>>> print(open('final28.txt').read())   # compact mmCIF, C-alpha atoms
# COMPACT_ATOMS: atom_id res chain seq x y z
CA MET A 299 72.93 172.79 -39.81
CA LEU A 300 74.83 169.55 -39.16
CA ALA A 301 72.86 167.81 -41.90
CA THR A 302 73.36 170.34 -44.68
CA PRO A 303 75.87 169.62 -47.45
CA LEU A 304 77.34 173.09 -46.96
CA LEU A 305 78.82 172.36 -43.53
CA TRP A 306 80.70 169.14 -44.35
CA LEU A 307 81.77 170.30 -47.76
CA THR A 308 83.22 173.45 -46.21
CA ALA A 309 84.81 171.49 -43.37
CA THR A 310 86.42 169.01 -45.79
CA LEU A 311 87.85 171.71 -48.03
CA GLY A 312 88.98 173.73 -45.00
CA VAL A 313 90.75 170.85 -43.26
CA PHE A 314 92.31 169.67 -46.50
CA THR A 315 93.54 173.15 -47.42
CA LEU A 316 95.14 173.51 -43.99
CA PHE A 317 97.06 170.23 -44.32
CA ASP A 318 97.89 171.05 -47.91
CA VAL A 319 99.65 174.22 -46.75
CA ILE A 320 101.53 172.19 -44.11
CA SER A 321 102.45 169.59 -46.75
CA ARG A 322 103.89 172.33 -48.96
CA ARG A 323 105.89 173.62 -45.97
CA CYS A 324 107.27 170.05 -45.55
CA ASN A 325 108.43 170.22 -49.18
CA ARG A 326 105.75 167.62 -50.07
CA HIS A 327 107.29 164.88 -47.99
CA PRO A 328 105.16 161.70 -48.48
CA LEU A 329 104.51 161.49 -44.73
CA CYS A 330 102.93 164.96 -44.87
CA HIS A 331 100.39 163.90 -47.51
CA PRO A 332 97.29 166.01 -46.79
CA VAL A 333 94.84 163.08 -47.10
CA LEU A 334 96.80 161.18 -44.46
CA TRP A 335 96.09 163.96 -41.94
CA SER A 336 92.70 165.31 -43.08
CA THR A 337 91.07 161.89 -42.84
CA PRO A 338 91.57 161.29 -39.09
CA VAL A 339 90.65 164.91 -38.27
CA LEU A 340 87.37 164.62 -40.22
CA ILE A 341 86.64 161.21 -38.69
CA ALA A 342 87.14 162.75 -35.24
CA ALA A 343 84.76 165.56 -36.22
CA LEU A 344 82.10 163.07 -37.32
CA LEU A 345 82.44 161.12 -34.08
CA ALA A 346 82.43 164.28 -31.93
CA THR A 347 79.25 165.59 -33.55
CA GLY A 348 77.56 162.18 -33.75
CA THR A 349 77.20 162.52 -37.51
CA SER A 350 76.74 159.30 -39.50
CA TYR A 351 79.05 158.53 -42.40
CA GLU A 352 75.99 158.32 -44.63
CA THR A 353 75.21 162.00 -43.90
CA TYR A 354 78.83 162.99 -44.52
CA ARG A 355 79.06 160.99 -47.73
CA THR A 356 75.89 162.54 -49.14
CA ALA A 357 77.08 166.02 -48.19
CA THR A 358 80.48 165.62 -49.84
CA PHE A 359 79.13 163.94 -52.99
CA PRO A 360 80.06 166.93 -55.21
CA LEU A 361 83.74 166.24 -54.39
CA SER A 362 83.65 162.48 -54.95
CA PHE A 363 81.69 162.97 -58.16
CA LEU A 364 84.70 164.66 -59.74
CA LEU A 365 86.73 161.44 -59.43
CA GLY A 366 85.02 159.95 -62.50
CA PRO A 367 85.85 162.76 -64.95
CA ALA A 368 89.35 162.92 -63.41
CA VAL A 369 89.96 159.24 -64.25
CA VAL A 370 88.70 159.78 -67.81
CA GLY A 371 91.06 162.77 -68.07
CA LEU A 372 94.08 160.52 -67.41
CA ALA A 373 93.83 159.72 -71.14
CA VAL A 374 95.22 163.18 -71.90
CA PRO A 375 98.71 162.69 -70.39
CA ILE A 376 98.92 159.18 -71.90
CA TRP A 377 98.13 160.68 -75.31
CA ALA A 378 100.69 163.45 -74.79
CA GLU A 379 103.37 160.81 -74.15
CA ARG A 380 102.50 158.73 -77.24
CA ARG A 381 105.86 159.26 -79.01
CA ARG A 382 107.83 158.12 -76.00
CA ILE A 383 105.46 155.18 -75.55
CA ARG A 384 106.04 154.12 -79.15
CA ARG A 385 109.82 154.45 -78.78
CA LEU A 386 109.91 152.49 -75.52
CA ALA A 387 106.97 150.21 -76.31
CA VAL A 388 108.69 146.90 -75.50
CA PRO A 389 110.25 147.86 -72.14
CA ILE A 390 107.05 149.66 -71.12
CA MET A 391 104.75 146.77 -71.94
CA LEU A 392 106.99 144.08 -70.41
CA ALA A 393 107.66 146.05 -67.22
CA LEU A 394 103.99 147.02 -66.93
CA GLY A 395 102.81 143.43 -67.27
CA ALA A 396 105.40 142.12 -64.82
CA GLY A 397 104.71 144.92 -62.33
CA ALA A 398 100.92 144.63 -62.46
CA VAL A 399 100.98 140.85 -61.97
CA THR A 400 103.58 141.08 -59.16
CA SER A 401 101.55 143.72 -57.37
CA ILE A 402 98.27 141.81 -57.45
CA VAL A 403 99.67 138.36 -56.72
CA SER A 404 101.98 139.44 -53.88
CA ALA A 405 99.39 141.63 -52.14
CA VAL A 406 96.64 139.03 -52.32
CA SER A 407 98.80 136.04 -51.35
CA VAL A 408 100.47 137.76 -48.39
CA LEU A 409 97.09 138.92 -47.08
CA ALA A 410 95.66 135.42 -47.61
CA LEU A 411 98.45 134.11 -45.31
CA PHE A 412 96.79 136.18 -42.56
CA GLY A 413 93.53 134.29 -43.13
CA ALA A 414 91.71 137.29 -44.58
CA PRO A 415 88.37 136.64 -46.33
CA LEU A 416 87.63 137.28 -50.00
CA GLU A 417 86.20 140.73 -49.22
CA MET A 418 89.61 141.84 -47.88
CA LEU A 419 91.52 140.25 -50.78
CA ALA A 420 89.28 142.11 -53.24
CA THR A 421 90.04 145.31 -51.32
CA ILE A 422 93.83 144.99 -51.51
CA ALA A 423 94.09 143.53 -55.06
CA PRO A 424 94.00 146.91 -56.88
CA ARG A 425 96.39 148.56 -54.36
CA ALA A 426 98.89 149.73 -57.01
CA THR A 427 96.36 151.74 -59.03
CA THR A 428 95.48 155.36 -58.54
CA THR A 429 92.87 155.81 -55.76
CA PRO A 430 89.68 156.41 -57.79
CA VAL A 431 90.41 153.38 -59.97
CA ALA A 432 91.23 151.22 -56.94
CA MET A 433 87.97 152.25 -55.29
CA ALA A 434 85.97 151.42 -58.40
CA ILE A 435 87.70 148.04 -58.85
CA ALA A 436 87.41 147.11 -55.17
CA GLY A 437 83.71 147.97 -55.19
CA GLN A 438 83.19 145.89 -58.28
CA LEU A 439 84.98 142.83 -56.87
CA GLY A 440 82.99 142.96 -53.62
CA GLY A 441 85.68 144.72 -51.58
CA ILE A 442 85.45 147.87 -49.43
CA PRO A 443 86.13 151.09 -51.42
CA ALA A 444 86.91 153.23 -48.33
CA LEU A 445 89.51 150.75 -47.13
CA ALA A 446 90.92 150.43 -50.66
CA ALA A 447 91.39 154.22 -50.74
CA VAL A 448 93.41 154.16 -47.53
CA ILE A 449 95.49 151.13 -48.56
CA VAL A 450 96.35 152.83 -51.86
CA LEU A 451 97.33 155.99 -50.02
CA PHE A 452 99.54 154.02 -47.65
CA ALA A 453 101.14 152.10 -50.55
CA GLY A 454 101.89 155.42 -52.24
CA VAL A 455 103.57 156.84 -49.14
CA VAL A 456 105.65 153.67 -48.67
CA GLY A 457 106.63 153.57 -52.36
CA ALA A 458 107.55 157.24 -52.48
CA MET A 459 109.73 156.90 -49.38
CA VAL A 460 111.64 153.75 -50.35
CA ALA A 461 111.94 154.22 -54.13
CA THR A 462 115.21 156.18 -54.10
CA PRO A 463 117.16 154.04 -51.58
CA LEU A 464 115.78 150.75 -52.93
CA LEU A 465 116.54 151.52 -56.59
CA ASP A 466 120.00 152.79 -55.60
CA LEU A 467 120.57 149.50 -53.81
CA LEU A 468 119.53 147.57 -56.95
CA GLY A 469 121.88 149.69 -59.05
CA VAL A 470 119.11 150.81 -61.42
CA ARG A 471 120.43 154.17 -62.61
CA ASP A 472 118.33 154.80 -65.71
CA TYR A 473 115.76 157.47 -64.81
CA ARG A 474 113.25 156.00 -67.25
CA ALA A 475 113.31 152.63 -65.46
CA ARG A 476 113.31 154.29 -62.03
CA GLY A 477 110.41 156.61 -62.83
CA PHE A 478 108.29 153.99 -64.54
CA ALA A 479 108.71 151.52 -61.66
CA THR A 480 107.78 154.20 -59.13
CA GLY A 481 104.59 155.07 -61.03
CA VAL A 482 103.55 151.43 -61.46
CA ALA A 483 104.23 150.58 -57.80
CA ALA A 484 103.15 153.81 -56.08
CA HIS A 485 100.77 155.67 -58.51
CA GLY A 486 100.35 159.44 -58.09
CA ILE A 487 102.21 159.80 -54.80
CA GLY A 488 105.16 157.95 -56.33
CA ALA A 489 104.92 160.12 -59.45
CA ALA A 490 104.94 163.29 -57.35
CA ARG A 491 108.12 162.06 -55.68
CA ALA A 492 109.67 161.13 -59.05
CA PHE A 493 109.03 164.65 -60.37
CA GLN A 494 111.04 166.04 -57.43
CA VAL A 495 114.02 163.91 -58.43
CA ASP A 496 114.04 164.17 -62.22
CA ALA A 497 111.68 165.42 -64.97
CA THR A 498 112.07 162.31 -67.15
CA ALA A 499 111.49 160.08 -64.13
CA GLY A 500 108.35 162.10 -63.34
CA ALA A 501 106.94 161.81 -66.87
CA LEU A 502 107.52 158.03 -66.91
CA ALA A 503 106.06 157.70 -63.42
CA SER A 504 102.83 159.44 -64.54
CA LEU A 505 102.75 157.16 -67.51
CA GLY A 506 103.31 154.10 -65.32
CA MET A 507 100.47 155.18 -63.05
CA ALA A 508 98.02 155.74 -65.91
CA LEU A 509 98.91 152.52 -67.74
CA ASN A 510 98.80 150.46 -64.57
CA ALA A 511 95.28 151.73 -63.86
CA VAL A 512 94.19 150.13 -67.12
CA ALA A 513 96.41 147.03 -66.80
CA THR A 514 95.34 146.19 -63.23
CA ALA A 515 91.66 146.83 -64.00
CA ALA A 516 91.87 144.56 -67.04
CA LEU A 517 93.86 141.82 -65.27
CA LEU A 518 91.52 141.75 -62.26
CA SER A 519 88.47 141.70 -64.53
CA VAL A 520 89.82 138.66 -66.34
CA MET A 521 90.73 136.99 -63.02
CA ALA A 522 87.26 137.71 -61.63
CA LEU A 523 85.68 136.05 -64.66
CA LEU A 524 87.88 132.98 -64.30
CA ILE A 525 87.27 132.46 -60.59
CA MET B 31 86.17 186.58 -75.47
CA ARG B 32 85.42 185.52 -71.94
CA ALA B 33 82.10 183.88 -72.89
CA CYS B 34 83.93 182.07 -75.67
CA LEU B 35 86.51 180.73 -73.20
CA ILE B 36 83.77 179.39 -70.93
CA ALA B 37 82.08 177.74 -73.91
CA ILE B 38 85.35 175.94 -74.80
CA MET B 39 85.75 174.85 -71.19
CA LEU B 40 82.22 173.48 -71.14
CA HIS B 41 83.05 171.61 -74.30
CA ALA B 42 86.02 169.92 -72.59
CA ILE B 43 83.95 169.04 -69.51
CA PHE B 44 81.20 167.74 -71.80
CA LEU B 45 83.71 165.52 -73.61
CA LEU B 46 84.92 164.03 -70.30
CA LEU B 47 81.35 163.42 -69.11
CA VAL B 48 80.24 161.89 -72.41
CA CYS B 49 83.17 159.46 -72.28
CA GLN B 50 82.37 158.53 -68.68
CA LEU B 51 78.66 158.15 -69.41
CA THR B 52 79.33 155.98 -72.46
CA GLY B 53 81.82 153.93 -70.42
CA GLU B 54 79.21 153.49 -67.69
CA ALA B 55 76.59 152.46 -70.30
CA ILE B 56 78.99 149.94 -71.87
CA HIS B 57 79.79 148.58 -68.41
CA ARG B 58 76.09 148.07 -67.56
CA LEU B 59 74.92 146.84 -70.94
CA THR B 60 77.73 144.41 -71.74
CA GLY B 61 78.67 143.42 -68.20
CA LEU B 62 82.30 144.26 -69.07
CA PRO B 63 83.84 144.13 -65.59
CA LEU B 64 86.01 147.26 -66.05
CA PRO B 65 84.83 150.32 -64.06
CA GLY B 66 82.87 152.77 -66.25
CA ALA B 67 85.38 155.58 -65.74
CA VAL B 68 88.27 153.35 -66.89
CA ILE B 69 86.32 152.39 -70.03
CA GLY B 70 85.69 156.14 -70.44
CA MET B 71 89.44 156.77 -70.26
CA VAL B 72 90.05 154.27 -73.06
CA LEU B 73 87.23 155.85 -75.10
CA LEU B 74 88.75 159.32 -74.67
CA LEU B 75 92.12 157.93 -75.76
CA ALA B 76 90.45 156.50 -78.88
CA TRP B 77 88.74 159.85 -79.53
CA LEU B 78 92.04 161.74 -79.23
CA ALA B 79 93.62 159.30 -81.71
CA LEU B 80 90.72 159.50 -84.16
CA VAL B 81 90.36 163.29 -84.07
CA PRO B 82 93.90 164.54 -83.59
CA ARG B 83 94.19 168.27 -82.98
CA GLU B 84 95.58 170.67 -80.40
CA ARG B 85 93.35 170.62 -77.31
CA PRO B 86 94.73 173.18 -74.86
CA THR B 87 91.46 173.46 -72.92
CA LEU B 88 90.96 169.72 -72.50
CA THR B 89 94.58 169.51 -71.38
CA ALA B 90 94.03 172.34 -68.88
CA VAL B 91 90.77 170.90 -67.53
CA SER B 92 92.15 167.39 -67.04
CA ALA B 93 95.38 168.76 -65.55
CA TRP B 94 93.25 170.74 -63.07
CA LEU B 95 91.28 167.61 -62.17
CA THR B 96 94.44 165.51 -61.77
CA ALA B 97 96.10 168.19 -59.65
CA HIS B 98 93.15 168.10 -57.24
CA LEU B 99 92.64 164.33 -57.14
CA ALA B 100 93.73 164.11 -53.51
CA VAL B 101 90.91 166.18 -52.05
CA MET B 102 88.35 164.23 -54.11
CA PHE B 103 89.08 160.97 -52.34
CA VAL B 104 88.97 162.38 -48.82
CA PRO B 105 85.21 161.62 -48.55
CA ALA B 106 85.92 157.96 -49.42
CA ALA B 107 88.82 157.70 -46.98
CA VAL B 108 86.62 159.09 -44.18
CA GLY B 109 84.45 156.00 -44.80
CA LEU B 110 87.06 154.18 -42.68
CA VAL B 111 85.02 155.41 -39.71
CA ASP B 112 82.67 152.46 -40.36
CA GLU B 113 85.47 149.91 -40.93
CA GLY B 114 86.83 149.62 -37.39
CA ALA B 115 86.00 145.90 -37.16
CA ALA B 116 87.79 144.96 -40.39
CA LEU B 117 90.80 147.06 -39.41
CA SER B 118 91.18 145.53 -35.96
CA LEU B 119 90.94 142.01 -37.45
CA TYR B 120 93.15 142.40 -40.51
CA GLY B 121 95.03 145.67 -39.93
CA VAL B 122 98.42 143.97 -39.47
CA GLY B 123 97.89 141.72 -42.50
CA LEU B 124 96.89 144.70 -44.64
CA VAL B 125 100.00 146.65 -43.63
CA VAL B 126 102.39 143.72 -44.20
CA ALA B 127 100.77 142.79 -47.54
CA THR B 128 100.77 146.40 -48.77
CA VAL B 129 104.43 147.01 -47.88
CA THR B 130 105.56 143.67 -49.36
CA SER B 131 103.61 144.19 -52.56
CA THR B 132 104.82 147.78 -53.01
CA LEU B 133 108.52 146.87 -52.58
CA LEU B 134 108.30 143.78 -54.81
CA THR B 135 106.47 145.71 -57.54
CA LEU B 136 109.12 148.46 -57.50
CA VAL B 137 111.94 145.93 -57.79
CA VAL B 138 110.35 143.71 -60.47
CA THR B 139 109.15 146.63 -62.64
CA ALA B 140 112.52 148.43 -62.50
CA LEU B 141 114.55 145.29 -63.24
CA VAL B 142 112.34 144.16 -66.14
CA PHE B 143 112.41 147.68 -67.60
CA ARG B 144 116.20 147.88 -67.38
CA TRP B 145 116.67 144.37 -68.81
CA SER B 146 114.33 145.07 -71.71
CA LEU B 147 115.87 148.50 -72.34
CA ALA B 148 119.27 146.90 -72.77
CA ARG B 149 117.91 144.16 -74.98
CA HIS B 150 115.13 145.67 -77.10
CA ALA B 151 115.81 149.39 -77.30
CA PRO B 152 119.15 150.51 -78.69
CA GLU B 153 120.56 153.62 -77.02
CA ALA B 154 117.85 156.20 -77.57
CA PRO B 155 118.82 159.33 -75.69
CA GLU B 156 115.86 161.26 -74.31
>>> encode(input="final28.txt", output="structure tokens")
Amino acid sequence: MLATPLLWLTATLGVFTLFDVISRRCNRHPLCHPVLWSTPVLIAALLATGTSYETYRTATFPLSFLLGPAVVGLAVPIWAERRRIRRLAVPIMLALGAGAVTSIVSAVSVLALFGAPLEMLATIAPRATTTPVAMAIAGQLGGIPALAAVIVLFAGVVGAMVATPLLDLLGVRDYRARGFATGVAAHGIGAARAFQVDATAGALASLGMALNAVATAALLSVMALLI
Amino acid sequence: MRACLIAIMLHAIFLLLVCQLTGEAIHRLTGLPLPGAVIGMVLLLAWLALVPRERPTLTAVSAWLTAHLAVMFVPAAVGLVDEGAALSLYGVGLVVATVTSTLLTLVVTALVFRWSLARHAPEAPE
């Protein structure tokens, strides 16, 4: 029983659904993100039953498999926003480039100050991208996909929580700038937060997330070739 | 009617999978260091531009996938169970680096966007 896909697939969906209901009750507060709470509960379940991660990973493969098509599907919202992208092409491209470079360079250099090895730097480098992309990039660069997933999640929660006060402090009032920055810095969790504040901010945040997935992947690929 | 709807849905799923598969093939054959799914995303974008038409089903299918992204990466996050050593060694560094990078990225992106908006895009109300 413990080794069948059915058990762990059911457990994962069950635990997630429970925390998803709680998250909705908390009005989708970033700290209530269902992944943040489902993960430790499922880890505890694995440890309590003496199940190896390998068994769990194989059992839940149908879920992780969907990540690939989901990433491909991000093209659809980018395409839907093409008119706005054309109109705001210069600000979008400049801000995207600056944001992607800032994110990679600051994350990697701060972590390097702690004496972390290359494996850890490769894990944190894609931290601003949406989780499936970060996992793919981290794996490719020789990092740890599982850790990348959690770092990305944490970055999203931090970004979603500080975006409003920080951008207020900077005096950035334009919702296009605010939304785009939130999406580039804090991917889907940031975008979800932006949608709560303003529809335009939400649309630009989704756009920022999707474009940064491509920009960070491309930048890191080039960097990997050069090193 | 219902069978027809399912056929259209399968078509959308097929399109997503073909893009991913082609992306994966390009990645392996050319050694292009982008992940296969990201190449697939670019391919789908090219396809949408080349064959422009209304695609309500593709929109619905990808919106469904995006809406349920969170549960799909739970299995990966649970992989932390095997990363105790890395976390105890570099946990603090990872937290500090992630927070610093997230705040800096927010600030830089917002400021560059605002600066460029004022300079390159004349008032274009949304």
>>> closest_atom_pairs(input="final28.txt", of="chain B", to="chain A", cutoff="7 Å", atoms="all atoms listed in the file", output="CSV")
residue,atom,partner,partner_atom,distance
B:Leu46,CA,A:Pro367,CA,5.6
B:Leu47,CA,A:Pro367,CA,6.2
B:Gln50,CA,A:Val370,CA,6.5
B:Pro63,CA,A:Ser519,CA,5.3
B:Leu64,CA,A:Ala515,CA,6.0
B:Pro65,CA,A:Ala434,CA,5.9
B:Ala67,CA,A:Gly366,CA,5.5
B:Val68,CA,A:Val370,CA,6.5
B:Gly70,CA,A:Val370,CA,5.4
B:Met71,CA,A:Val370,CA,4.0
B:Val72,CA,A:Ala373,CA,6.9
B:Leu74,CA,A:Ala373,CA,6.2
B:Leu75,CA,A:Ala373,CA,5.2
B:Thr89,CA,A:Val374,CA,6.4
B:Ser92,CA,A:Gly371,CA,4.9
B:Leu95,CA,A:Ala368,CA,5.2
B:Thr96,CA,A:Ala368,CA,5.9
B:Leu99,CA,A:Leu365,CA,7.0
B:Ala100,CA,A:Val333,CA,6.6
B:Val101,CA,A:Phe314,CA,6.7
B:Met102,CA,A:Leu361,CA,5.0
B:Phe103,CA,A:Ser362,CA,6.2
B:Val104,CA,A:Val333,CA,6.2
B:Pro105,CA,A:Arg355,CA,6.2
B:Ala106,CA,A:Ala444,CA,5.0
B:Ala107,CA,A:Ala444,CA,5.0
B:Val108,CA,A:Thr337,CA,5.4
B:Gly109,CA,A:Ala444,CA,5.1
B:Leu110,CA,A:Ala444,CA,5.7
B:Val111,CA,A:Ile341,CA,6.1
B:Tyr120,CA,A:Ala414,CA,6.7
B:Gly123,CA,A:Leu409,CA,5.4
B:Leu124,CA,A:Leu409,CA,6.3
B:Ala127,CA,A:Ala405,CA,4.9
B:Thr128,CA,A:Ala453,CA,6.0
B:Val129,CA,A:Ala453,CA,6.6
B:Ser131,CA,A:Ala405,CA,5.0
B:Thr132,CA,A:Ala483,CA,5.6
B:Leu133,CA,A:Gly457,CA,7.0
B:Leu134,CA,A:Thr400,CA,7.0
B:Thr135,CA,A:Gly397,CA,5.2
B:Leu136,CA,A:Ala479,CA,5.2
B:Val138,CA,A:Gly397,CA,6.1
B:Thr139,CA,A:Gly397,CA,4.8
B:Ala140,CA,A:Ala479,CA,5.0
B:Val142,CA,A:Ala393,CA,5.2
B:Phe143,CA,A:Pro389,CA,5.0
B:Arg144,CA,A:Ala475,CA,5.9
B:Ser146,CA,A:Pro389,CA,5.0
B:Leu147,CA,A:Pro389,CA,5.7
B:His150,CA,A:Val388,CA,6.7
B:Ala151,CA,A:Leu386,CA,6.9
>>> atom_distance(input="final28.txt", atom1="atom CA of Ala37 of chain B", atom2="atom CA of Leu80 of chain B")
22.6 Å
>>> atom_distance(input="final28.txt", atom1="atom CA of Glu379 of chain A", atom2="atom CA of Arg149 of chain B")
22.1 Å
>>> residues_near_point(input="final28.txt", point="(104.2, 166.1, -55.9)", cutoff="10 Å", atoms="all atoms listed in the file", output="ChimeraX atom specification")
/A:321-322,325-328,331,486-494,500 /B:97
>>> atom_distance(input="final28.txt", atom1="atom CA of Met507 of chain A", atom2="atom CA of Trp94 of chain B")
17.2 Å
>>> axis_aligned_box(input="final28.txt", around="segment 39-56 of chain B", padding_each_side="3 Å", output="lines of an AutoDock Vina configuration file")
center_x = 81.3
center_y = 162.4
center_z = -71.0
size_x = 15.4
size_y = 30.9
size_z = 12.6
>>> closest_residue(input="final28.txt", among="B:Leu59, B:Met39, B:Leu117, B:Val122", to="Arg85 of chain B", atoms="only C-alpha atoms")
B:Met39
>>> build_atoms(input="final28.txt", residues="segment 451-468 of chain A", atoms="N, CA and C atoms", output="short mmCIF file (atom, residue, chain, number, x, y, z; two decimals), in the frame of the given file")
data_model
loop_
_atom_site.label_atom_id
_atom_site.label_comp_id
_atom_site.auth_asym_id
_atom_site.auth_seq_id
_atom_site.Cartn_x
_atom_site.Cartn_y
_atom_site.Cartn_z
N LEU A 451 96.62 154.82 -50.54
CA LEU A 451 97.33 155.99 -50.02
C LEU A 451 98.59 155.55 -49.27
N PHE A 452 98.43 154.55 -48.43
CA PHE A 452 99.54 154.02 -47.65
C PHE A 452 100.62 153.44 -48.57
N ALA A 453 100.19 152.67 -49.59
CA ALA A 453 101.14 152.10 -50.55
C ALA A 453 101.93 153.21 -51.23
N GLY A 454 101.23 154.31 -51.57
CA GLY A 454 101.89 155.42 -52.24
C GLY A 454 102.95 156.06 -51.35
N VAL A 455 102.62 156.24 -50.08
CA VAL A 455 103.57 156.84 -49.14
C VAL A 455 104.79 155.94 -48.99
N VAL A 456 104.55 154.63 -48.81
CA VAL A 456 105.65 153.67 -48.67
C VAL A 456 106.54 153.70 -49.92
N GLY A 457 105.88 153.60 -51.10
CA GLY A 457 106.63 153.57 -52.36
C GLY A 457 107.46 154.83 -52.55
N ALA A 458 106.85 155.97 -52.28
CA ALA A 458 107.55 157.24 -52.48
C ALA A 458 108.75 157.35 -51.55
N MET A 459 108.63 156.79 -50.34
CA MET A 459 109.73 156.90 -49.38
C MET A 459 110.88 155.95 -49.66
N VAL A 460 110.56 154.72 -50.16
CA VAL A 460 111.64 153.75 -50.35
C VAL A 460 112.22 153.73 -51.76
N ALA A 461 111.51 154.35 -52.74
CA ALA A 461 111.94 154.22 -54.13
C ALA A 461 113.41 154.57 -54.32
N THR A 462 113.83 155.75 -53.87
CA THR A 462 115.21 156.18 -54.10
C THR A 462 116.23 155.24 -53.47
N PRO A 463 116.15 154.96 -52.15
CA PRO A 463 117.16 154.04 -51.58
C PRO A 463 117.11 152.64 -52.17
N LEU A 464 115.90 152.12 -52.43
CA LEU A 464 115.78 150.75 -52.93
C LEU A 464 116.36 150.63 -54.35
N LEU A 465 116.04 151.59 -55.21
CA LEU A 465 116.54 151.52 -56.59
C LEU A 465 118.04 151.79 -56.64
N ASP A 466 118.55 152.60 -55.72
CA ASP A 466 120.00 152.79 -55.60
C ASP A 466 120.66 151.46 -55.25
N LEU A 467 120.05 150.78 -54.28
CA LEU A 467 120.57 149.50 -53.81
C LEU A 467 120.63 148.48 -54.95
N LEU A 468 119.59 148.49 -55.82
CA LEU A 468 119.53 147.57 -56.95
C LEU A 468 120.49 147.98 -58.06
#
